[in-house]
Amino acid sequence: MEKDNVKNVVTKNKSHFKKKFINFLILFLILTVGLIMYSRYVSTKGLIVKEYRISNEKIPYNFSGIKIVHFSDVLFKSTINLDDIKNMVSKMNELKPDIVVFTGGLISEGKSLSEEEISELTSILSDIDYNIGKYAVRGDEDGDDFTCIMEEAGFNILNNKGEFVYNKALTPIFIAGLSSSIKDAINTSKAFEDVDKDANKDAYYKILLMHEGDSAVSVLKERDDVDLILAGNSLNGSIVIPFYGGLLSSRGSDTYKEPFYEVNNTLIYVSSGLGTKDIYYRFNNKPSFNFYRLKSL
């Protein structure tokens with residue numbers, strides 16, 4: 001009789017354990033599916049603005065208070081449609097930027113655009129308000145449509161090229177851009193050749209645009225006078241784990257893929273972009289653009 005009671009207890013314990021294990025598997029499955037759905041349909045939508053204040057003694061007084069909007073990796077036709085881009089432009093214009101910069105990745109890789117889509121995308125980007133200028137560099141995904149759209153939308157494409165930027169005809173800053181290191185050969189010397197000819201070249205505040213953050217590795221070996229580098233491409237790792245960082249790597253963005261770095265006297269900001277690549281997922285990493293306020297010291 002006592003053996004039967006022990007047997008019944010063991011049987012009940014096994015049954016209870018089995019039920020708890022099944023419940024755990026069901027809960028785990030629900031959470032996993034929920035996380036996947038959230039990362040696919042919730043985290044890839046919406047738009048946030050990441051705001052930064054940048055102070056430097058080389059920023060001239062006539063540029064103190066200047067506002068810069070930096071966007072990257074729109075990747076139209078990934079998880080981003082024309083309405084999303086319209087919303088982005090509307091949020092940008094609310095900030096009344098002085099300078100707008102784009103660090104490549106306009107159209108999702110492998111996607112083609114109709115003439116109507118090209119026209120509408122051009123029109124939307126043309127609506128970006130600015131006071132001083134709009135500048136862009138090409139990403140590795142960007143082809144002939146990129147040049148047509150961005151130039152028609154009023155962007156000055158700075159691929160291995162730079163120019164002095166003036167505000168109120170006083171002391172300028174210098175903005176340069178590099179070609180995609182994946183698609184083309186970057187040429188830092190050519191990008192900075194105009195400022196290097198100037199006798200006061202060391203006094204100018206210098207901003208460098210690039211698509212792949214890792215282009216900064218070679219740039220910083222060549223020059224120690226670049227004050228601000230703005231990049232894209234990495235999407236900050238797409239899937240971002242708290243206290244760890246982005247999980248996914250993009251070619252050309254292994255060393256510099258997180259949102260911010262400081263290397264000696266150079267600040268590096270990497271936009272998380274708007275769209276998606278490789279996989280249509282984001283986690284803890286909403287679509288965004290960066291907003292900088294310059295301050296003279």
# chains A, B, ... in the order shown; residues from 1 in each chain; ligands from 1

call {"tool": "select_by_dssp", "arguments": {"residues": "segment 23-258 of chain A", "states": "helix (DSSP H, G or I)", "output": "JSON, numbers by chain"}}
result
{"A": [23, 24, 25, 26, 27, 28, 29, 30, 31, 32, 33, 34, 35, 36, 37, 38, 39, 40, 41, 42, 61, 62, 63, 82, 83, 84, 85, 86, 87, 88, 89, 90, 91, 92, 93, 94, 115, 116, 117, 118, 119, 120, 121, 122, 123, 124, 125, 126, 144, 145, 146, 147, 148, 149, 150, 151, 152, 188, 189, 190, 191, 193, 194, 195, 196, 201, 202, 203, 215, 216, 217, 218, 219, 220, 221, 222, 235, 236, 237]}

call {"tool": "closest_atom_pairs", "arguments": {"of": "segment 198-230 of chain A", "to": "segment 70-73 of chain A", "cutoff": "10 Å", "atoms": "only C-alpha atoms", "output": "tab-separated table"}}
result
residue	atom	partner	partner_atom	distance
A:Leu209	CA	A:His70	CA	9.7
A:His211	CA	A:Ser72	CA	8.2
A:Leu230	CA	A:His70	CA	7.7

call {"tool": "select_by_dssp", "arguments": {"residues": "segment 171-205 of chain A", "states": "strand (DSSP E)", "output": "list in words"}}
result
Ile173, Phe174, Ile175, Ala176 and Gly177 of chain A

call {"tool": "write_last_selection", "arguments": {"atoms": "C-alpha atoms", "output": "short mmCIF file (atom, residue, chain, number, x, y, z; two decimals), in the first residue's frame"}}
result
data_model
loop_
_atom_site.label_atom_id
_atom_site.label_comp_id
_atom_site.auth_asym_id
_atom_site.auth_seq_id
_atom_site.Cartn_x
_atom_site.Cartn_y
_atom_site.Cartn_z
CA ILE A 173 33.77 76.28 -41.91
CA PHE A 174 34.88 73.51 -44.26
CA ILE A 175 32.69 70.53 -45.21
CA ALA A 176 34.15 67.62 -47.16
CA GLY A 177 32.81 64.27 -48.28
#

call {"tool": "atom_distance", "arguments": {"atom1": "atom CA of Tyr41 of chain A", "atom2": "atom CA of Tyr281 of chain A"}}
result
8.0 Å

call {"tool": "closest_residue", "arguments": {"among": "A:Tyr280, A:Ala185, A:Cys148, A:Glu163", "to": "Asp198 of chain A", "atoms": "only C-alpha atoms"}}
result
A:Glu163

call {"tool": "residues_around", "arguments": {"residues": "segment 244-248 of chain A", "least_positions_apart": "4", "cutoff": "12 Å", "atoms": "only C-alpha atoms", "output": "list in words"}}
result
Asn233, Ser234, Leu235, Asn236, Gly237, Ser238, Ile239, Val240, Ser253, Asp254, Thr255, Tyr256, Lys257, Glu258, Pro259, Phe260, Ser272, Thr276, Lys277, Asp278, Ile279, Tyr281, Arg282, Phe283, Asn284 and Asn285 of chain A

call {"tool": "write_last_selection", "arguments": {"atoms": "N, CA and C atoms", "output": "PDB file, in the first residue's frame"}}
result
ATOM      1  N   ASN A 233      25.586  53.875 -42.696  1.00  0.00           N
ATOM      2  CA  ASN A 233      25.817  52.502 -43.167  1.00  0.00           C
ATOM      3  C   ASN A 233      25.532  51.404 -42.151  1.00  0.00           C
ATOM      4  N   SER A 234      25.965  51.556 -40.901  1.00  0.00           N
ATOM      5  CA  SER A 234      25.901  50.442 -39.951  1.00  0.00           C
ATOM      6  C   SER A 234      24.516  50.177 -39.390  1.00  0.00           C
ATOM      7  N   LEU A 235      23.618  51.174 -39.455  1.00  0.00           N
ATOM      8  CA  LEU A 235      22.318  51.119 -38.771  1.00  0.00           C
ATOM      9  C   LEU A 235      22.507  50.867 -37.277  1.00  0.00           C
ATOM     10  N   ASN A 236      23.701  51.194 -36.771  1.00  0.00           N
ATOM     11  CA  ASN A 236      24.062  50.963 -35.364  1.00  0.00           C
ATOM     12  C   ASN A 236      23.887  49.510 -34.936  1.00  0.00           C
ATOM     13  N   GLY A 237      23.980  48.605 -35.911  1.00  0.00           N
ATOM     14  CA  GLY A 237      23.874  47.183 -35.595  1.00  0.00           C
ATOM     15  C   GLY A 237      22.478  46.614 -35.714  1.00  0.00           C
ATOM     16  N   SER A 238      21.491  47.439 -36.077  1.00  0.00           N
ATOM     17  CA  SER A 238      20.092  47.024 -36.296  1.00  0.00           C
ATOM     18  C   SER A 238      19.418  46.454 -35.049  1.00  0.00           C
ATOM     19  N   ILE A 239      19.919  45.335 -34.552  1.00  0.00           N
ATOM     20  CA  ILE A 239      19.382  44.713 -33.337  1.00  0.00           C
ATOM     21  C   ILE A 239      20.300  45.124 -32.181  1.00  0.00           C
ATOM     22  N   VAL A 240      19.801  45.990 -31.320  1.00  0.00           N
ATOM     23  CA  VAL A 240      20.637  46.558 -30.269  1.00  0.00           C
ATOM     24  C   VAL A 240      20.258  45.957 -28.916  1.00  0.00           C
ATOM     25  N   SER A 253      31.765  48.842 -41.712  1.00  0.00           N
ATOM     26  CA  SER A 253      31.372  49.500 -40.461  1.00  0.00           C
ATOM     27  C   SER A 253      31.551  48.561 -39.271  1.00  0.00           C
ATOM     28  N   ASP A 254      32.691  47.920 -39.183  1.00  0.00           N
ATOM     29  CA  ASP A 254      32.978  47.032 -38.060  1.00  0.00           C
ATOM     30  C   ASP A 254      33.593  47.789 -36.885  1.00  0.00           C
ATOM     31  N   THR A 255      34.487  48.726 -37.190  1.00  0.00           N
ATOM     32  CA  THR A 255      35.159  49.474 -36.125  1.00  0.00           C
ATOM     33  C   THR A 255      34.274  50.587 -35.574  1.00  0.00           C
ATOM     34  N   TYR A 256      33.603  51.309 -36.472  1.00  0.00           N
ATOM     35  CA  TYR A 256      32.748  52.422 -36.058  1.00  0.00           C
ATOM     36  C   TYR A 256      31.311  52.166 -36.497  1.00  0.00           C
ATOM     37  N   LYS A 257      30.548  51.506 -35.646  1.00  0.00           N
ATOM     38  CA  LYS A 257      29.141  51.243 -35.970  1.00  0.00           C
ATOM     39  C   LYS A 257      28.175  51.752 -34.901  1.00  0.00           C
ATOM     40  N   GLU A 258      28.699  52.054 -33.701  1.00  0.00           N
ATOM     41  CA  GLU A 258      27.848  52.564 -32.623  1.00  0.00           C
ATOM     42  C   GLU A 258      27.561  54.050 -32.841  1.00  0.00           C
ATOM     43  N   PRO A 259      26.615  54.620 -32.084  1.00  0.00           N
ATOM     44  CA  PRO A 259      26.211  56.015 -32.347  1.00  0.00           C
ATOM     45  C   PRO A 259      27.300  57.065 -32.184  1.00  0.00           C
ATOM     46  N   PHE A 260      28.277  56.857 -31.263  1.00  0.00           N
ATOM     47  CA  PHE A 260      29.222  57.946 -30.987  1.00  0.00           C
ATOM     48  C   PHE A 260      30.580  57.407 -30.566  1.00  0.00           C
ATOM     49  N   SER A 272      21.831  55.973 -37.102  1.00  0.00           N
ATOM     50  CA  SER A 272      21.208  54.643 -37.134  1.00  0.00           C
ATOM     51  C   SER A 272      20.340  54.456 -38.376  1.00  0.00           C
ATOM     52  N   THR A 276      16.046  49.321 -43.341  1.00  0.00           N
ATOM     53  CA  THR A 276      16.669  48.069 -42.924  1.00  0.00           C
ATOM     54  C   THR A 276      17.411  47.464 -44.110  1.00  0.00           C
ATOM     55  N   LYS A 277      18.403  46.623 -43.793  1.00  0.00           N
ATOM     56  CA  LYS A 277      19.123  45.910 -44.843  1.00  0.00           C
ATOM     57  C   LYS A 277      19.366  44.480 -44.380  1.00  0.00           C
ATOM     58  N   ASP A 278      19.509  43.581 -45.332  1.00  0.00           N
ATOM     59  CA  ASP A 278      19.738  42.160 -45.058  1.00  0.00           C
ATOM     60  C   ASP A 278      18.515  41.500 -44.419  1.00  0.00           C
ATOM     61  N   ILE A 279      18.111  41.977 -43.245  1.00  0.00           N
ATOM     62  CA  ILE A 279      16.878  41.491 -42.619  1.00  0.00           C
ATOM     63  C   ILE A 279      15.986  42.691 -42.342  1.00  0.00           C
ATOM     64  N   TYR A 281      14.379  43.848 -39.878  1.00  0.00           N
ATOM     65  CA  TYR A 281      14.125  43.913 -38.448  1.00  0.00           C
ATOM     66  C   TYR A 281      14.983  44.990 -37.798  1.00  0.00           C
ATOM     67  N   ARG A 282      14.405  45.602 -36.767  1.00  0.00           N
ATOM     68  CA  ARG A 282      15.140  46.463 -35.852  1.00  0.00           C
ATOM     69  C   ARG A 282      14.657  46.118 -34.445  1.00  0.00           C
ATOM     70  N   PHE A 283      15.547  46.281 -33.473  1.00  0.00           N
ATOM     71  CA  PHE A 283      15.126  46.094 -32.078  1.00  0.00           C
ATOM     72  C   PHE A 283      15.884  47.076 -31.213  1.00  0.00           C
ATOM     73  N   ASN A 284      15.132  47.778 -30.350  1.00  0.00           N
ATOM     74  CA  ASN A 284      15.735  48.782 -29.464  1.00  0.00           C
ATOM     75  C   ASN A 284      16.527  49.802 -30.276  1.00  0.00           C
ATOM     76  N   ASN A 285      16.019  50.118 -31.458  1.00  0.00           N
ATOM     77  CA  ASN A 285      16.785  50.936 -32.403  1.00  0.00           C
ATOM     78  C   ASN A 285      15.825  51.510 -33.448  1.00  0.00           C
TER      79      ASN A 285
END

call {"tool": "closest_residue", "arguments": {"among": "A:Glu212, A:Asp224, A:Glu152, A:Glu51", "to": "Met92 of chain A", "atoms": "only C-alpha atoms"}}
result
A:Glu51

call {"tool": "closest_residue", "arguments": {"among": "A:Asp140, A:Asp227, A:Glu222, A:Glu262", "to": "Glu57 of chain A", "atoms": "only C-alpha atoms"}}
result
A:Asp227

call {"tool": "residues_around", "arguments": {"residues": "Ser64 of chain A", "least_positions_apart": "6", "cutoff": "7 Å", "atoms": "only C-alpha atoms", "output": "list of chain:residue names"}}
result
A:Leu294, A:Lys295, A:Ser296

call {"tool": "write_last_selection", "arguments": {"atoms": "C-alpha atoms", "output": "PDB file, in the first residue's frame"}}
result
ATOM      1  CA  LEU A 294      27.099  73.950 -32.897  1.00  0.00           C
ATOM      2  CA  LYS A 295      28.501  76.164 -30.155  1.00  0.00           C
ATOM      3  CA  SER A 296      31.570  78.356 -30.283  1.00  0.00           C
TER       4      SER A 296
END

call {"tool": "residues_around", "arguments": {"residues": "Arg53 of chain A", "least_positions_apart": "2", "cutoff": "12 Å", "atoms": "only C-alpha atoms", "output": "ChimeraX atom specification"}}
result
/A:50-51,55-56,64-68,267,269,290-296

call {"tool": "closest_residue", "arguments": {"among": "A:Gly232, A:Gly143, A:Gly252, A:Gly275", "to": "Val217 of chain A", "atoms": "only C-alpha atoms"}}
result
A:Gly252

call {"tool": "closest_residue", "arguments": {"among": "A:Ile85, A:Val74, A:Leu47, A:Leu106", "to": "Lys286 of chain A", "atoms": "only C-alpha atoms"}}
result
A:Leu47

call {"tool": "closest_residue", "arguments": {"among": "A:Lys183, A:Lys58, A:Thr188, A:Leu125", "to": "Asn265 of chain A", "atoms": "only C-alpha atoms"}}
result
A:Lys58

call {"tool": "atom_distance", "arguments": {"atom1": "atom CA of Glu141 of chain A", "atom2": "atom CA of Asn159 of chain A"}}
result
14.4 Å

call {"tool": "residues_around", "arguments": {"residues": "Phe76 of chain A", "least_positions_apart": "5", "cutoff": "6 Å", "atoms": "only C-alpha atoms", "output": "ChimeraX atom specification"}}
result
/A:81,107-108

call {"tool": "decode", "arguments": {"residues": "segment 46-78 of chain A", "atoms": "N, CA and C atoms", "output": "PDB file, in the first residue's frame"}}
result
ATOM      1  N   GLY A  46       7.850  54.494 -37.036  1.00  0.00           N
ATOM      2  CA  GLY A  46       8.040  55.590 -36.097  1.00  0.00           C
ATOM      3  C   GLY A  46       9.364  56.262 -36.404  1.00  0.00           C
ATOM      4  N   LEU A  47       9.596  57.400 -35.807  1.00  0.00           N
ATOM      5  CA  LEU A  47      10.817  58.157 -36.081  1.00  0.00           C
ATOM      6  C   LEU A  47      11.190  58.965 -34.861  1.00  0.00           C
ATOM      7  N   ILE A  48      12.460  58.861 -34.453  1.00  0.00           N
ATOM      8  CA  ILE A  48      12.927  59.662 -33.328  1.00  0.00           C
ATOM      9  C   ILE A  48      14.049  60.581 -33.797  1.00  0.00           C
ATOM     10  N   VAL A  49      14.263  61.647 -33.046  1.00  0.00           N
ATOM     11  CA  VAL A  49      15.335  62.595 -33.329  1.00  0.00           C
ATOM     12  C   VAL A  49      16.364  62.507 -32.204  1.00  0.00           C
ATOM     13  N   LYS A  50      17.622  62.241 -32.568  1.00  0.00           N
ATOM     14  CA  LYS A  50      18.701  62.193 -31.583  1.00  0.00           C
ATOM     15  C   LYS A  50      19.429  63.533 -31.609  1.00  0.00           C
ATOM     16  N   GLU A  51      19.384  64.238 -30.497  1.00  0.00           N
ATOM     17  CA  GLU A  51      19.923  65.599 -30.460  1.00  0.00           C
ATOM     18  C   GLU A  51      21.251  65.639 -29.716  1.00  0.00           C
ATOM     19  N   TYR A  52      22.210  66.385 -30.286  1.00  0.00           N
ATOM     20  CA  TYR A  52      23.541  66.513 -29.701  1.00  0.00           C
ATOM     21  C   TYR A  52      23.983  67.973 -29.755  1.00  0.00           C
ATOM     22  N   ARG A  53      24.747  68.367 -28.758  1.00  0.00           N
ATOM     23  CA  ARG A  53      25.350  69.708 -28.750  1.00  0.00           C
ATOM     24  C   ARG A  53      26.855  69.545 -28.940  1.00  0.00           C
ATOM     25  N   ILE A  54      27.410  70.286 -29.880  1.00  0.00           N
ATOM     26  CA  ILE A  54      28.831  70.162 -30.202  1.00  0.00           C
ATOM     27  C   ILE A  54      29.519  71.500 -29.968  1.00  0.00           C
ATOM     28  N   SER A  55      30.495  71.487 -29.071  1.00  0.00           N
ATOM     29  CA  SER A  55      31.235  72.704 -28.745  1.00  0.00           C
ATOM     30  C   SER A  55      32.683  72.553 -29.183  1.00  0.00           C
ATOM     31  N   ASN A  56      33.229  73.633 -29.725  1.00  0.00           N
ATOM     32  CA  ASN A  56      34.622  73.596 -30.162  1.00  0.00           C
ATOM     33  C   ASN A  56      35.114  75.028 -30.330  1.00  0.00           C
ATOM     34  N   GLU A  57      36.347  75.269 -29.915  1.00  0.00           N
ATOM     35  CA  GLU A  57      36.898  76.624 -30.018  1.00  0.00           C
ATOM     36  C   GLU A  57      37.143  77.033 -31.464  1.00  0.00           C
ATOM     37  N   LYS A  58      37.186  76.045 -32.391  1.00  0.00           N
ATOM     38  CA  LYS A  58      37.399  76.384 -33.798  1.00  0.00           C
ATOM     39  C   LYS A  58      36.103  76.764 -34.517  1.00  0.00           C
ATOM     40  N   ILE A  59      34.962  76.518 -33.871  1.00  0.00           N
ATOM     41  CA  ILE A  59      33.692  76.933 -34.479  1.00  0.00           C
ATOM     42  C   ILE A  59      33.609  78.460 -34.415  1.00  0.00           C
ATOM     43  N   PRO A  60      33.533  79.138 -35.558  1.00  0.00           N
ATOM     44  CA  PRO A  60      33.491  80.611 -35.526  1.00  0.00           C
ATOM     45  C   PRO A  60      32.193  81.118 -34.902  1.00  0.00           C
ATOM     46  N   TYR A  61      32.235  82.321 -34.376  1.00  0.00           N
ATOM     47  CA  TYR A  61      31.061  82.876 -33.680  1.00  0.00           C
ATOM     48  C   TYR A  61      29.843  82.964 -34.592  1.00  0.00           C
ATOM     49  N   ASN A  62      30.058  83.187 -35.875  1.00  0.00           N
ATOM     50  CA  ASN A  62      28.918  83.291 -36.783  1.00  0.00           C
ATOM     51  C   ASN A  62      28.282  81.928 -37.066  1.00  0.00           C
ATOM     52  N   PHE A  63      28.905  80.855 -36.580  1.00  0.00           N
ATOM     53  CA  PHE A  63      28.311  79.521 -36.695  1.00  0.00           C
ATOM     54  C   PHE A  63      27.828  78.986 -35.348  1.00  0.00           C
ATOM     55  N   SER A  64      28.015  79.758 -34.290  1.00  0.00           N
ATOM     56  CA  SER A  64      27.522  79.343 -32.983  1.00  0.00           C
ATOM     57  C   SER A  64      25.994  79.398 -32.988  1.00  0.00           C
ATOM     58  N   GLY A  65      25.370  78.281 -32.665  1.00  0.00           N
ATOM     59  CA  GLY A  65      23.915  78.196 -32.719  1.00  0.00           C
ATOM     60  C   GLY A  65      23.394  77.598 -34.010  1.00  0.00           C
ATOM     61  N   ILE A  66      24.274  77.356 -34.967  1.00  0.00           N
ATOM     62  CA  ILE A  66      23.870  76.759 -36.240  1.00  0.00           C
ATOM     63  C   ILE A  66      23.356  75.335 -35.995  1.00  0.00           C
ATOM     64  N   LYS A  67      22.295  74.972 -36.708  1.00  0.00           N
ATOM     65  CA  LYS A  67      21.665  73.654 -36.540  1.00  0.00           C
ATOM     66  C   LYS A  67      21.917  72.792 -37.777  1.00  0.00           C
ATOM     67  N   ILE A  68      22.376  71.569 -37.524  1.00  0.00           N
ATOM     68  CA  ILE A  68      22.664  70.625 -38.603  1.00  0.00           C
ATOM     69  C   ILE A  68      21.788  69.392 -38.447  1.00  0.00           C
ATOM     70  N   VAL A  69      21.094  69.011 -39.489  1.00  0.00           N
ATOM     71  CA  VAL A  69      20.348  67.756 -39.535  1.00  0.00           C
ATOM     72  C   VAL A  69      21.156  66.749 -40.340  1.00  0.00           C
ATOM     73  N   HIS A  70      21.320  65.574 -39.782  1.00  0.00           N
ATOM     74  CA  HIS A  70      22.100  64.505 -40.415  1.00  0.00           C
ATOM     75  C   HIS A  70      21.220  63.263 -40.532  1.00  0.00           C
ATOM     76  N   PHE A  71      20.926  62.871 -41.779  1.00  0.00           N
ATOM     77  CA  PHE A  71      20.163  61.637 -41.971  1.00  0.00           C
ATOM     78  C   PHE A  71      20.917  60.697 -42.892  1.00  0.00           C
ATOM     79  N   SER A  72      20.584  59.425 -42.817  1.00  0.00           N
ATOM     80  CA  SER A  72      21.353  58.425 -43.542  1.00  0.00           C
ATOM     81  C   SER A  72      20.507  57.168 -43.750  1.00  0.00           C
ATOM     82  N   ASP A  73      20.889  56.361 -44.711  1.00  0.00           N
ATOM     83  CA  ASP A  73      20.308  55.034 -44.915  1.00  0.00           C
ATOM     84  C   ASP A  73      18.778  55.046 -44.859  1.00  0.00           C
ATOM     85  N   VAL A  74      18.204  55.869 -45.724  1.00  0.00           N
ATOM     86  CA  VAL A  74      16.756  55.852 -45.885  1.00  0.00           C
ATOM     87  C   VAL A  74      16.317  54.476 -46.384  1.00  0.00           C
ATOM     88  N   LEU A  75      17.077  53.931 -47.326  1.00  0.00           N
ATOM     89  CA  LEU A  75      16.835  52.587 -47.869  1.00  0.00           C
ATOM     90  C   LEU A  75      15.367  52.416 -48.273  1.00  0.00           C
ATOM     91  N   PHE A  76      14.947  53.357 -49.094  1.00  0.00           N
ATOM     92  CA  PHE A  76      13.586  53.342 -49.624  1.00  0.00           C
ATOM     93  C   PHE A  76      13.278  51.988 -50.262  1.00  0.00           C
ATOM     94  N   LYS A  77      12.105  51.472 -49.962  1.00  0.00           N
ATOM     95  CA  LYS A  77      11.610  50.178 -50.437  1.00  0.00           C
ATOM     96  C   LYS A  77      12.132  48.995 -49.610  1.00  0.00           C
ATOM     97  N   SER A  78      12.726  49.290 -48.447  1.00  0.00           N
ATOM     98  CA  SER A  78      12.981  48.204 -47.497  1.00  0.00           C
ATOM     99  C   SER A  78      11.761  48.191 -46.576  1.00  0.00           C
TER     100      SER A  78
END
